[in-house]
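Pasted below: model27.json, JSON, C-alpha atoms.
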```
[["chain", "number", "residue", "atom", "x", "y", "z"],
["T", 1, "MET", "CA", 84.35, 53.30, 132.94],
["T", 2, "SER", "CA", 86.94, 56.03, 132.59],
["T", 3, "GLY", "CA", 88.89, 53.85, 130.12],
["T", 4, "ASP", "CA", 85.77, 53.38, 127.98],
["T", 5, "MET", "CA", 85.16, 57.11, 127.98],
["T", 6, "LYS", "CA", 88.72, 57.86, 126.85],
["T", 7, "SER", "CA", 88.55, 55.38, 124.00],
["T", 8, "THR", "CA", 85.22, 56.80, 122.86],
["T", 9, "ARG", "CA", 86.64, 60.31, 122.82],
["T", 10, "ALA", "CA", 89.65, 59.12, 120.84],
["T", 11, "ARG", "CA", 87.42, 57.50, 118.23],
["T", 12, "ASP", "CA", 85.21, 60.61, 118.02],
["T", 13, "TRP", "CA", 88.13, 62.99, 117.54],
["T", 14, "GLU", "CA", 88.76, 64.16, 114.00],
["T", 15, "PRO", "CA", 91.83, 66.15, 112.91],
["T", 16, "ARG", "CA", 90.96, 69.74, 112.16],
["T", 17, "PHE", "CA", 91.21, 71.29, 108.72],
["T", 18, "GLU", "CA", 89.88, 74.71, 107.86],
["T", 19, "ASP", "CA", 90.76, 77.18, 105.12],
["T", 20, "ARG", "CA", 88.21, 79.97, 105.41],
["T", 21, "ILE", "CA", 87.98, 83.41, 103.82],
["T", 22, "LEU", "CA", 86.74, 85.97, 106.34],
["T", 23, "PHE", "CA", 86.79, 89.06, 104.13],
["T", 24, "ARG", "CA", 87.07, 89.50, 100.38],
["T", 25, "THR", "CA", 86.85, 92.33, 97.86],
["T", 26, "GLY", "CA", 88.19, 92.65, 94.34],
["T", 27, "LEU", "CA", 91.50, 93.92, 95.76],
["T", 28, "VAL", "CA", 92.25, 91.95, 98.92],
["T", 29, "CYS", "CA", 91.11, 89.04, 101.07],
["T", 30, "ILE", "CA", 91.74, 87.86, 104.62],
["T", 31, "GLY", "CA", 91.65, 84.22, 105.60],
["T", 32, "ALA", "CA", 92.27, 81.69, 108.35],
["T", 33, "PHE", "CA", 94.09, 78.37, 107.82],
["T", 34, "ARG", "CA", 93.99, 75.66, 110.48],
["T", 35, "CYS", "CA", 95.38, 72.17, 109.82],
["T", 36, "ASP", "CA", 96.25, 69.60, 112.48],
["T", 37, "GLN", "CA", 99.40, 67.60, 111.79],
["T", 38, "HIS", "CA", 97.41, 64.34, 111.67],
["T", 39, "HIS", "CA", 95.10, 65.55, 108.90],
["T", 40, "ALA", "CA", 95.65, 64.00, 105.48],
["T", 41, "SER", "CA", 96.24, 67.45, 103.96],
["T", 42, "PHE", "CA", 99.10, 68.34, 106.29],
["T", 43, "PRO", "CA", 102.17, 66.89, 104.51],
["T", 44, "GLU", "CA", 101.57, 68.60, 101.17],
["T", 45, "SER", "CA", 99.62, 71.76, 100.41],
["T", 46, "ALA", "CA", 97.02, 72.22, 97.74],
["T", 47, "PRO", "CA", 97.90, 74.87, 95.12],
["T", 48, "ILE", "CA", 97.72, 78.38, 96.61],
["T", 49, "GLU", "CA", 94.79, 80.32, 95.14],
["T", 50, "ASN", "CA", 96.04, 83.87, 95.79],
["T", 51, "TYR", "CA", 99.18, 85.92, 95.88],
["T", 52, "CYS", "CA", 99.46, 86.20, 99.63],
["T", 53, "PHE", "CA", 101.54, 86.28, 102.76],
["T", 54, "TRP", "CA", 100.86, 84.21, 105.86],
["T", 55, "PHE", "CA", 101.49, 84.90, 109.53],
["T", 56, "PRO", "CA", 102.11, 81.56, 111.29],
["T", 57, "ARG", "CA", 100.65, 81.08, 114.75],
["T", 58, "THR", "CA", 102.28, 77.69, 115.25],
["T", 59, "PRO", "CA", 105.76, 76.53, 114.17],
["T", 60, "VAL", "CA", 106.06, 74.30, 111.13],
["T", 61, "VAL", "CA", 108.81, 73.47, 108.65],
["T", 62, "ILE", "CA", 107.95, 74.66, 105.14],
["T", 63, "GLU", "CA", 109.65, 73.23, 102.06],
["T", 64, "PRO", "CA", 108.73, 75.29, 98.97],
["T", 65, "GLU", "CA", 109.25, 73.88, 95.50],
["T", 66, "HIS", "CA", 112.90, 74.16, 94.41],
["T", 67, "GLU", "CA", 113.94, 75.86, 97.68],
["T", 68, "LYS", "CA", 115.51, 74.81, 100.95],
["T", 69, "PRO", "CA", 113.20, 74.11, 103.92],
["T", 70, "PHE", "CA", 112.83, 76.79, 106.57],
["T", 71, "VAL", "CA", 111.11, 77.10, 109.95],
["T", 72, "ALA", "CA", 107.93, 79.18, 109.77],
["T", 73, "ASN", "CA", 106.91, 80.58, 113.13],
["T", 74, "ALA", "CA", 105.41, 83.72, 114.65],
["T", 75, "ASN", "CA", 108.60, 85.72, 114.01],
["T", 76, "ILE", "CA", 108.23, 85.67, 110.23],
["T", 77, "ALA", "CA", 105.80, 86.10, 107.36],
["T", 78, "THR", "CA", 105.76, 83.56, 104.54],
["T", 79, "PHE", "CA", 105.16, 84.58, 100.92],
["T", 80, "TYR", "CA", 103.28, 82.49, 98.36],
["T", 81, "HIS", "CA", 102.54, 82.90, 94.68],
["T", 82, "ARG", "CA", 99.33, 81.81, 93.04],
["T", 83, "ALA", "CA", 99.32, 78.09, 92.12],
["T", 84, "GLN", "CA", 102.40, 77.43, 94.28],
["T", 85, "THR", "CA", 102.60, 74.22, 96.35],
["T", 86, "TYR", "CA", 104.90, 73.21, 99.20],
["T", 87, "ARG", "CA", 105.50, 70.45, 101.72],
["T", 88, "ARG", "CA", 105.15, 70.64, 105.52],
["T", 89, "GLN", "CA", 106.91, 68.94, 108.38],
["T", 90, "ALA", "CA", 105.54, 69.03, 111.92],
["T", 91, "VAL", "CA", 107.40, 70.74, 114.74],
["T", 92, "GLY", "CA", 106.61, 68.85, 117.92],
["T", 93, "ASP", "CA", 102.88, 68.38, 118.41],
["T", 94, "TYR", "CA", 101.89, 71.46, 116.42],
["T", 95, "GLY", "CA", 99.93, 71.62, 113.20],
["T", 96, "ASP", "CA", 99.84, 74.56, 110.80],
["T", 97, "TYR", "CA", 97.71, 77.39, 112.17],
["T", 98, "SER", "CA", 98.14, 80.61, 110.20],
["T", 99, "ASP", "CA", 96.32, 83.81, 109.25],
["T", 100, "TRP", "CA", 96.76, 85.06, 105.70],
["T", 101, "PHE", "CA", 96.23, 88.12, 103.53],
["T", 102, "GLY", "CA", 95.77, 87.86, 99.77],
["T", 103, "PHE", "CA", 96.10, 90.45, 97.02],
["T", 104, "ASP", "CA", 95.01, 91.19, 93.50],
["T", 105, "LYS", "CA", 97.99, 90.57, 91.21],
["T", 106, "ASP", "CA", 98.00, 94.11, 89.80],
["T", 107, "LEU", "CA", 97.89, 95.62, 93.30],
["T", 108, "LEU", "CA", 100.86, 93.50, 94.37],
["T", 109, "ARG", "CA", 102.79, 94.32, 91.21],
["T", 110, "ASP", "CA", 102.26, 98.04, 91.78],
["T", 111, "ALA", "CA", 103.49, 97.70, 95.36],
["T", 112, "LEU", "CA", 106.62, 95.87, 94.24],
["T", 113, "ARG", "CA", 107.37, 98.08, 91.24],
["T", 114, "GLU", "CA", 108.63, 100.95, 93.41],
["T", 115, "ARG", "CA", 111.12, 98.59, 95.04],
["T", 116, "ARG", "CA", 112.02, 96.49, 91.99],
["T", 117, "PRO", "CA", 111.64, 98.43, 88.72],
["T", 118, "ALA", "CA", 112.18, 95.23, 86.70],
["T", 119, "ILE", "CA", 109.11, 93.57, 88.23],
["T", 120, "ASP", "CA", 107.20, 93.67, 84.93],
["T", 121, "GLU", "CA", 109.79, 91.28, 83.47],
["T", 122, "GLU", "CA", 108.74, 88.67, 86.05],
["T", 123, "PRO", "CA", 105.23, 87.67, 84.96],
["T", 124, "GLU", "CA", 104.40, 85.18, 87.71],
["T", 125, "ARG", "CA", 107.00, 84.95, 90.47],
["T", 126, "LEU", "CA", 106.61, 88.35, 92.11],
["T", 127, "PHE", "CA", 107.93, 87.85, 95.66],
["T", 128, "PRO", "CA", 111.74, 87.72, 95.73],
["T", 129, "THR", "CA", 111.85, 85.55, 98.85],
["T", 130, "SER", "CA", 109.90, 82.76, 100.52],
["T", 131, "HIS", "CA", 109.83, 84.36, 103.98],
["T", 132, "ARG", "CA", 110.88, 87.43, 105.90],
["T", 133, "ALA", "CA", 111.26, 88.48, 109.55],
["T", 134, "VAL", "CA", 108.45, 90.66, 110.91],
["T", 135, "ASP", "CA", 108.90, 93.30, 113.61],
["T", 136, "ALA", "CA", 106.62, 93.47, 116.65],
["T", 137, "PRO", "CA", 104.50, 96.51, 115.60],
["T", 138, "THR", "CA", 103.74, 94.92, 112.23],
["T", 139, "TYR", "CA", 102.87, 91.58, 113.82],
["T", 140, "LEU", "CA", 100.56, 93.31, 116.28],
["T", 141, "PHE", "CA", 98.94, 95.34, 113.49],
["T", 142, "GLN", "CA", 98.09, 92.26, 111.42],
["T", 143, "ARG", "CA", 96.74, 90.41, 114.45],
["T", 144, "GLN", "CA", 94.49, 93.34, 115.40],
["T", 145, "LEU", "CA", 93.25, 93.54, 111.82],
["T", 146, "PHE", "CA", 92.60, 89.80, 111.66],
["T", 147, "GLU", "CA", 90.80, 89.74, 115.01],
["T", 148, "LEU", "CA", 88.60, 92.67, 113.97],
["T", 149, "VAL", "CA", 87.40, 90.70, 110.95],
["T", 150, "ARG", "CA", 87.22, 87.34, 112.73],
["T", 151, "ALA", "CA", 85.08, 88.72, 115.55],
["T", 152, "GLY", "CA", 82.58, 90.12, 113.07],
["T", 153, "HIS", "CA", 82.89, 93.69, 114.28],
["T", 154, "GLU", "CA", 81.22, 96.27, 112.11],
["T", 155, "ALA", "CA", 83.82, 97.78, 109.79],
["T", 156, "ASP", "CA", 83.77, 99.72, 106.56],
["T", 157, "PRO", "CA", 85.11, 97.56, 103.66],
["T", 158, "PHE", "CA", 86.92, 100.69, 102.43],
["T", 159, "GLU", "CA", 88.74, 100.88, 105.78],
["T", 160, "LEU", "CA", 89.65, 97.20, 105.73],
["T", 161, "GLU", "CA", 90.94, 97.35, 102.16],
["T", 162, "GLU", "CA", 93.14, 100.31, 102.97],
["T", 163, "ALA", "CA", 94.41, 98.68, 106.16],
["T", 164, "VAL", "CA", 95.47, 95.56, 104.22],
["T", 165, "VAL", "CA", 97.25, 97.78, 101.67],
["T", 166, "LEU", "CA", 99.07, 99.46, 104.57],
["T", 167, "LEU", "CA", 100.03, 96.04, 105.93],
["T", 168, "LEU", "CA", 101.38, 95.08, 102.50],
["T", 169, "ASP", "CA", 103.50, 98.24, 102.46],
["T", 170, "ARG", "CA", 104.87, 97.47, 105.92],
["T", 171, "ILE", "CA", 105.75, 93.90, 105.03],
["T", 172, "LEU", "CA", 107.53, 94.93, 101.83],
["T", 173, "ASP", "CA", 109.44, 97.65, 103.67],
["T", 174, "HIS", "CA", 110.90, 94.90, 105.84],
["T", 175, "GLY", "CA", 112.46, 93.18, 102.85],
["T", 176, "GLY", "CA", 110.53, 93.25, 99.61],
["T", 177, "GLY", "CA", 113.67, 93.32, 97.51],
["T", 178, "ALA", "CA", 115.82, 96.09, 96.16],
["T", 179, "ALA", "CA", 115.58, 99.69, 97.32],
["T", 180, "PRO", "CA", 112.82, 101.81, 95.79],
["T", 181, "GLY", "CA", 113.53, 103.26, 92.37],
["T", 182, "PRO", "CA", 113.42, 106.95, 91.49],
["T", 183, "THR", "CA", 110.34, 108.73, 92.83],
["T", 184, "PRO", "CA", 108.17, 110.97, 90.66],
["T", 185, "PRO", "CA", 108.41, 114.75, 91.19],
["T", 186, "PHE", "CA", 107.07, 115.90, 94.55],
["T", 187, "GLU", "CA", 104.61, 118.31, 92.91],
["T", 188, "LYS", "CA", 103.04, 115.42, 91.04],
["T", 189, "HIS", "CA", 102.48, 113.65, 94.34],
["T", 190, "ARG", "CA", 101.00, 116.77, 95.90],
["T", 191, "ALA", "CA", 98.64, 117.29, 92.97],
["T", 192, "MET", "CA", 97.44, 113.69, 93.19],
["T", 193, "VAL", "CA", 96.72, 114.03, 96.92],
["T", 194, "ALA", "CA", 94.93, 117.33, 96.35],
["T", 195, "ASP", "CA", 92.73, 115.72, 93.68],
["T", 196, "ALA", "CA", 91.83, 112.93, 96.12],
["T", 197, "GLU", "CA", 91.07, 115.45, 98.86],
["T", 198, "LEU", "CA", 88.84, 117.38, 96.47],
["T", 199, "LEU", "CA", 86.94, 114.27, 95.41],
["T", 200, "LEU", "CA", 86.37, 113.19, 99.01],
["T", 201, "SER", "CA", 85.32, 116.71, 99.98],
["T", 202, "ARG", "CA", 82.62, 116.65, 97.31],
["T", 203, "ARG", "CA", 81.45, 113.08, 97.77],
["T", 204, "PHE", "CA", 82.37, 112.04, 101.32],
["T", 205, "SER", "CA", 78.94, 110.58, 102.02],
["T", 206, "GLU", "CA", 79.17, 108.17, 99.08],
["T", 207, "ALA", "CA", 80.56, 104.64, 99.27],
["T", 208, "LEU", "CA", 83.48, 105.34, 96.97],
["T", 209, "SER", "CA", 85.90, 102.46, 96.50],
["T", 210, "LEU", "CA", 89.67, 102.68, 96.46],
["T", 211, "ASN", "CA", 89.58, 101.73, 92.78],
["T", 212, "THR", "CA", 87.20, 104.60, 92.02],
["T", 213, "ILE", "CA", 89.40, 107.17, 93.78],
["T", 214, "ALA", "CA", 92.58, 105.81, 92.20],
["T", 215, "ASP", "CA", 91.03, 105.92, 88.71],
["T", 216, "HIS", "CA", 89.87, 109.49, 89.34],
["T", 217, "VAL", "CA", 93.36, 110.74, 90.24],
["T", 218, "GLY", "CA", 95.15, 108.61, 87.64],
["T", 219, "SER", "CA", 97.04, 106.38, 90.04],
["T", 220, "SER", "CA", 97.29, 102.78, 91.16],
["T", 221, "VAL", "CA", 95.56, 101.91, 94.43],
["T", 222, "PHE", "CA", 98.81, 101.10, 96.20],
["T", 223, "HIS", "CA", 100.58, 104.30, 95.10],
["T", 224, "LEU", "CA", 97.58, 106.44, 96.05],
["T", 225, "CYS", "CA", 97.24, 104.93, 99.54],
["T", 226, "ARG", "CA", 100.94, 105.20, 100.24],
["T", 227, "THR", "CA", 101.37, 108.75, 98.94],
["T", 228, "PHE", "CA", 98.19, 110.06, 100.57],
["T", 229, "ARG", "CA", 99.21, 108.69, 103.95],
["T", 230, "ARG", "CA", 102.69, 110.22, 103.70],
["T", 231, "LEU", "CA", 101.64, 113.67, 102.50],
["T", 232, "ALA", "CA", 98.26, 114.13, 104.21],
["T", 233, "GLY", "CA", 99.34, 112.48, 107.46],
["T", 234, "THR", "CA", 96.28, 110.24, 107.55],
["T", 235, "THR", "CA", 94.68, 107.43, 105.59],
["T", 236, "LEU", "CA", 92.02, 108.01, 102.97],
["T", 237, "HIS", "CA", 89.47, 106.30, 105.20],
["T", 238, "GLN", "CA", 90.33, 108.45, 108.23],
["T", 239, "TYR", "CA", 90.20, 111.58, 106.09],
["T", 240, "ARG", "CA", 86.76, 110.69, 104.75],
["T", 241, "THR", "CA", 85.46, 109.67, 108.17],
["T", 242, "SER", "CA", 86.53, 113.00, 109.68],
["T", 243, "LEU", "CA", 84.67, 114.85, 106.92],
["T", 244, "ARG", "CA", 81.55, 112.80, 107.60],
["T", 245, "LEU", "CA", 81.71, 113.33, 111.35],
["T", 246, "ARG", "CA", 82.29, 117.05, 111.16],
["T", 247, "ALA", "CA", 79.39, 117.37, 108.74],
["T", 248, "SER", "CA", 77.28, 115.39, 111.20],
["T", 249, "LEU", "CA", 77.60, 118.03, 113.93],
["T", 250, "GLU", "CA", 75.21, 120.38, 112.19],
["T", 251, "ARG", "CA", 72.73, 117.59, 111.45],
["T", 252, "VAL", "CA", 72.86, 116.28, 115.01],
["T", 253, "ALA", "CA", 72.46, 119.72, 116.55],
["T", 254, "ASP", "CA", 69.97, 121.43, 114.27],
["T", 255, "SER", "CA", 67.78, 118.79, 112.62],
["T", 256, "ARG", "CA", 64.97, 116.62, 113.91],
["T", 257, "ASP", "CA", 66.28, 113.59, 112.04],
["T", 258, "THR", "CA", 66.99, 110.51, 114.06],
["T", 259, "LEU", "CA", 70.61, 109.63, 114.61],
["T", 260, "THR", "CA", 70.07, 106.55, 112.44],
["T", 261, "THR", "CA", 68.92, 108.77, 109.57],
["T", 262, "VAL", "CA", 71.90, 111.06, 110.02],
["T", 263, "ALA", "CA", 74.24, 108.05, 110.09],
["T", 264, "VAL", "CA", 72.87, 106.46, 106.91],
["T", 265, "ASP", "CA", 72.69, 109.79, 105.03],
["T", 266, "LEU", "CA", 76.37, 110.43, 105.74],
["T", 267, "GLY", "CA", 77.48, 106.97, 104.63],
["T", 268, "PHE", "CA", 77.83, 105.08, 107.91],
["T", 269, "ALA", "CA", 76.70, 101.47, 107.96],
["T", 270, "SER", "CA", 74.46, 101.88, 110.98],
["T", 271, "HIS", "CA", 73.61, 103.93, 114.05],
["T", 272, "SER", "CA", 76.14, 102.01, 116.16],
["T", 273, "HIS", "CA", 78.91, 102.49, 113.61],
["T", 274, "PHE", "CA", 78.24, 106.24, 113.55],
["T", 275, "THR", "CA", 78.05, 106.48, 117.33],
["T", 276, "SER", "CA", 81.37, 104.69, 117.84],
["T", 277, "ALA", "CA", 83.13, 106.85, 115.27],
["T", 278, "PHE", "CA", 81.61, 110.03, 116.72],
["T", 279, "ARG", "CA", 82.83, 109.16, 120.23],
["T", 280, "ARG", "CA", 86.35, 108.40, 118.99],
["T", 281, "GLU", "CA", 86.48, 111.70, 117.12],
["T", 282, "PHE", "CA", 84.89, 114.05, 119.65],
["T", 283, "GLY", "CA", 85.07, 112.24, 122.97],
["T", 284, "GLN", "CA", 81.30, 112.10, 123.51],
["T", 285, "LEU", "CA", 78.22, 110.40, 122.10],
["T", 286, "PRO", "CA", 76.14, 112.20, 119.46],
["T", 287, "SER", "CA", 73.11, 111.88, 121.73],
["T", 288, "VAL", "CA", 74.97, 113.81, 124.43],
["T", 289, "PHE", "CA", 75.99, 116.48, 121.95],
["T", 290, "ARG", "CA", 72.38, 116.82, 120.80],
["T", 291, "ALA", "CA", 71.06, 116.98, 124.37],
["T", 292, "THR", "CA", 73.52, 119.69, 125.45],
["T", 293, "ARG", "CA", 73.40, 121.93, 122.36],
["T", 294, "GLY", "CA", 70.60, 124.11, 123.78],
["T", 295, "GLN", "CA", 72.44, 124.58, 127.06],
["T", 296, "MET", "CA", 75.61, 125.53, 125.21],
["T", 297, "ALA", "CA", 73.73, 128.11, 123.13],
["T", 298, "ARG", "CA", 72.24, 129.70, 126.27],
["T", 299, "ASN", "CA", 75.68, 129.91, 127.87]]
```

Show how you would write the structure in this file as structure tokens.
Amino acid sequence: MSGDMKSTRARDWEPRFEDRILFRTGLVCIGAFRCDQHHASFPESAPIENYCFWFPRTPVVIEPEHEKPFVANANIATFYHRAQTYRRQAVGDYGDYSDWFGFDKDLLRDALRERRPAIDEEPERLFPTSHRAVDAPTYLFQRQLFELVRAGHEADPFELEEAVVLLLDRILDHGGGAAPGPTPPFEKHRAMVADAELLLSRRFSEALSLNTIADHVGSSVFHLCRTFRRLAGTTLHQYRTSLRLRASLERVADSRDTLTTVAVDLGFASHSHFTSAFRREFGQLPSVFRATRGQMARN
């Protein structure tokens, strides 16, 4: 009987193939690729649809077109151009299980331009290398970002976009090519950050996109995110969230609005999203703050 059961399971088993996008905007996307070595698609890839880099979870030998094969494993990131194909070879019993992050071509070009001023002379092949070693903090950061999206946790698309841009910056800093070219005058950077701060101060409750903010300050998305983080000491999303939460204190304490109403009015996706952010910022729930405000006033 046990032999019959084993043969039935063997016949029922199908090699796994999955290439799924978990998050997508006009700027970035996050995906999961899972291909068992016995699947028909394993030996040769289909054309890549995005400019992207992949973080392998399992080891596999990758042979890009016109390049020498290399071992792709969890210590590296692999870089692919749109429409590129490559061949795979199995390593032991493993298939190709990878998480990947894709980018709008203009966003990627802007990110590379600071490191390779001649990037505009290279219309299609933007990455200078097929793979690059990744340090532990960067690997952990991408895995946390991927797991946040995979698990379906509530997250602001603005926050996810900016996090992927930050990941791109980290990856390129670990070997995106030549050293950065000359930087614009510091005062120009400061003025751009101040313009972004002013816009967010006026419209922090609105669902502004990174593209909208970048257009307003006359910058590319990548340059804005990078410069804002370096000069303001925080991300655009964190800056906006802090403005929302500090504005919420008055609403929570002094109005009769429900916390859901306060959350939605200030731009949060839901009551739970607002509550989680409030607790991270102030160390207590908004309901606790509301309940104790009268006691605090009497004291």

Problem set entry | Non-local contacts of T:Arg125 (12 Å; only C-alpha atoms; under 4 positions in same chain excluded) as a ChimeraX atom specification | /T:51-52,79-84,105,108-109,112,119-121,129-130

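Proximity of T:Phe23, T:Tyr139, T:Tyr86, T:Phe186 to T:Ala74, computed with only C-alpha atoms, is greatest for T:Tyr139.
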
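Considering only C-alpha atoms, the residue among T:Leu198, T:Val28, T:Ala163, T:Ala155 positioned nearest to T:Ser276 is T:Ala155.
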
Problem set entry | Proximity to T:Arg246 - best of T:Asp215, T:Phe278, T:Arg229, T:Glu65, all atoms listed in the file |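 Using all atoms listed in the file, T:Arg246 sits closest to T:Phe278.
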
Exercise. Quick one, how far is atom CA of T:His237 from atom CA of T:Asn50?
Worked result: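 So the two atoms, atom CA of T:His237 and atom CA of T:Asn50, lie 25.2 Å apart.
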
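In this structure, atom CA of T:Arg240 sits 13.0 Å away from atom CA of T:Cys225.
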
Problem set entry | Contacts of T:Asn211 at 9 Å (all atoms listed in the file; same-chain gap of 3+ positions) as a PyMOL selection string | chain T and resi 27+208+214-216+220-221

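You will find atom CA of T:Ser41 at 12.9 Å from atom CA of T:Glu14.
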
For this session: Find the spatial neighbours of T:Asp135, counting all atoms listed in the file, within a cut-off of 12 Å - ignore same-chain residues fewer than 4 positions away - and output them as a VMD selection string.
Result: chain T and resid 55 74 to 77 139 to 142 170 to 175

For this session: Compile the contact shell of T:Ala72 as a list in words: residues with an atom at most 10 Å away, counting all atoms listed in the file, same-chain residues fewer than 6 positions apart removed.
Result: Trp54, Phe55, Pro56, Arg57, Thr58, Pro59, Val60, Val61, Ile62, Glu63, Thr78, Arg88, Val91, Asp96, Ser98, His131, Arg132 and Ala133 of chain T

May I have the residues within 9 Å of T:Ala111 as a PDB file with C-alpha atoms, in the frame of the given file, using only C-alpha atoms and disregarding those fewer than 5 positions away in the same chain?
```
ATOM      1  CA  ASP T 106      98.000  94.110  89.800  1.00  0.00           C
ATOM      2  CA  VAL T 165      97.250  97.780 101.670  1.00  0.00           C
ATOM      3  CA  LEU T 168     101.380  95.080 102.500  1.00  0.00           C
ATOM      4  CA  ASP T 169     103.500  98.240 102.460  1.00  0.00           C
ATOM      5  CA  LEU T 172     107.530  94.930 101.830  1.00  0.00           C
ATOM      6  CA  PHE T 222      98.810 101.100  96.200  1.00  0.00           C
ATOM      7  CA  HIS T 223     100.580 104.300  95.100  1.00  0.00           C
TER       8      HIS T 223
END
```

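Using only C-alpha atoms, the shortest contact distance between T:Glu159 and any of T:Ala263, T:Leu245, T:Ala196, T:Leu210 is found at T:Leu210.
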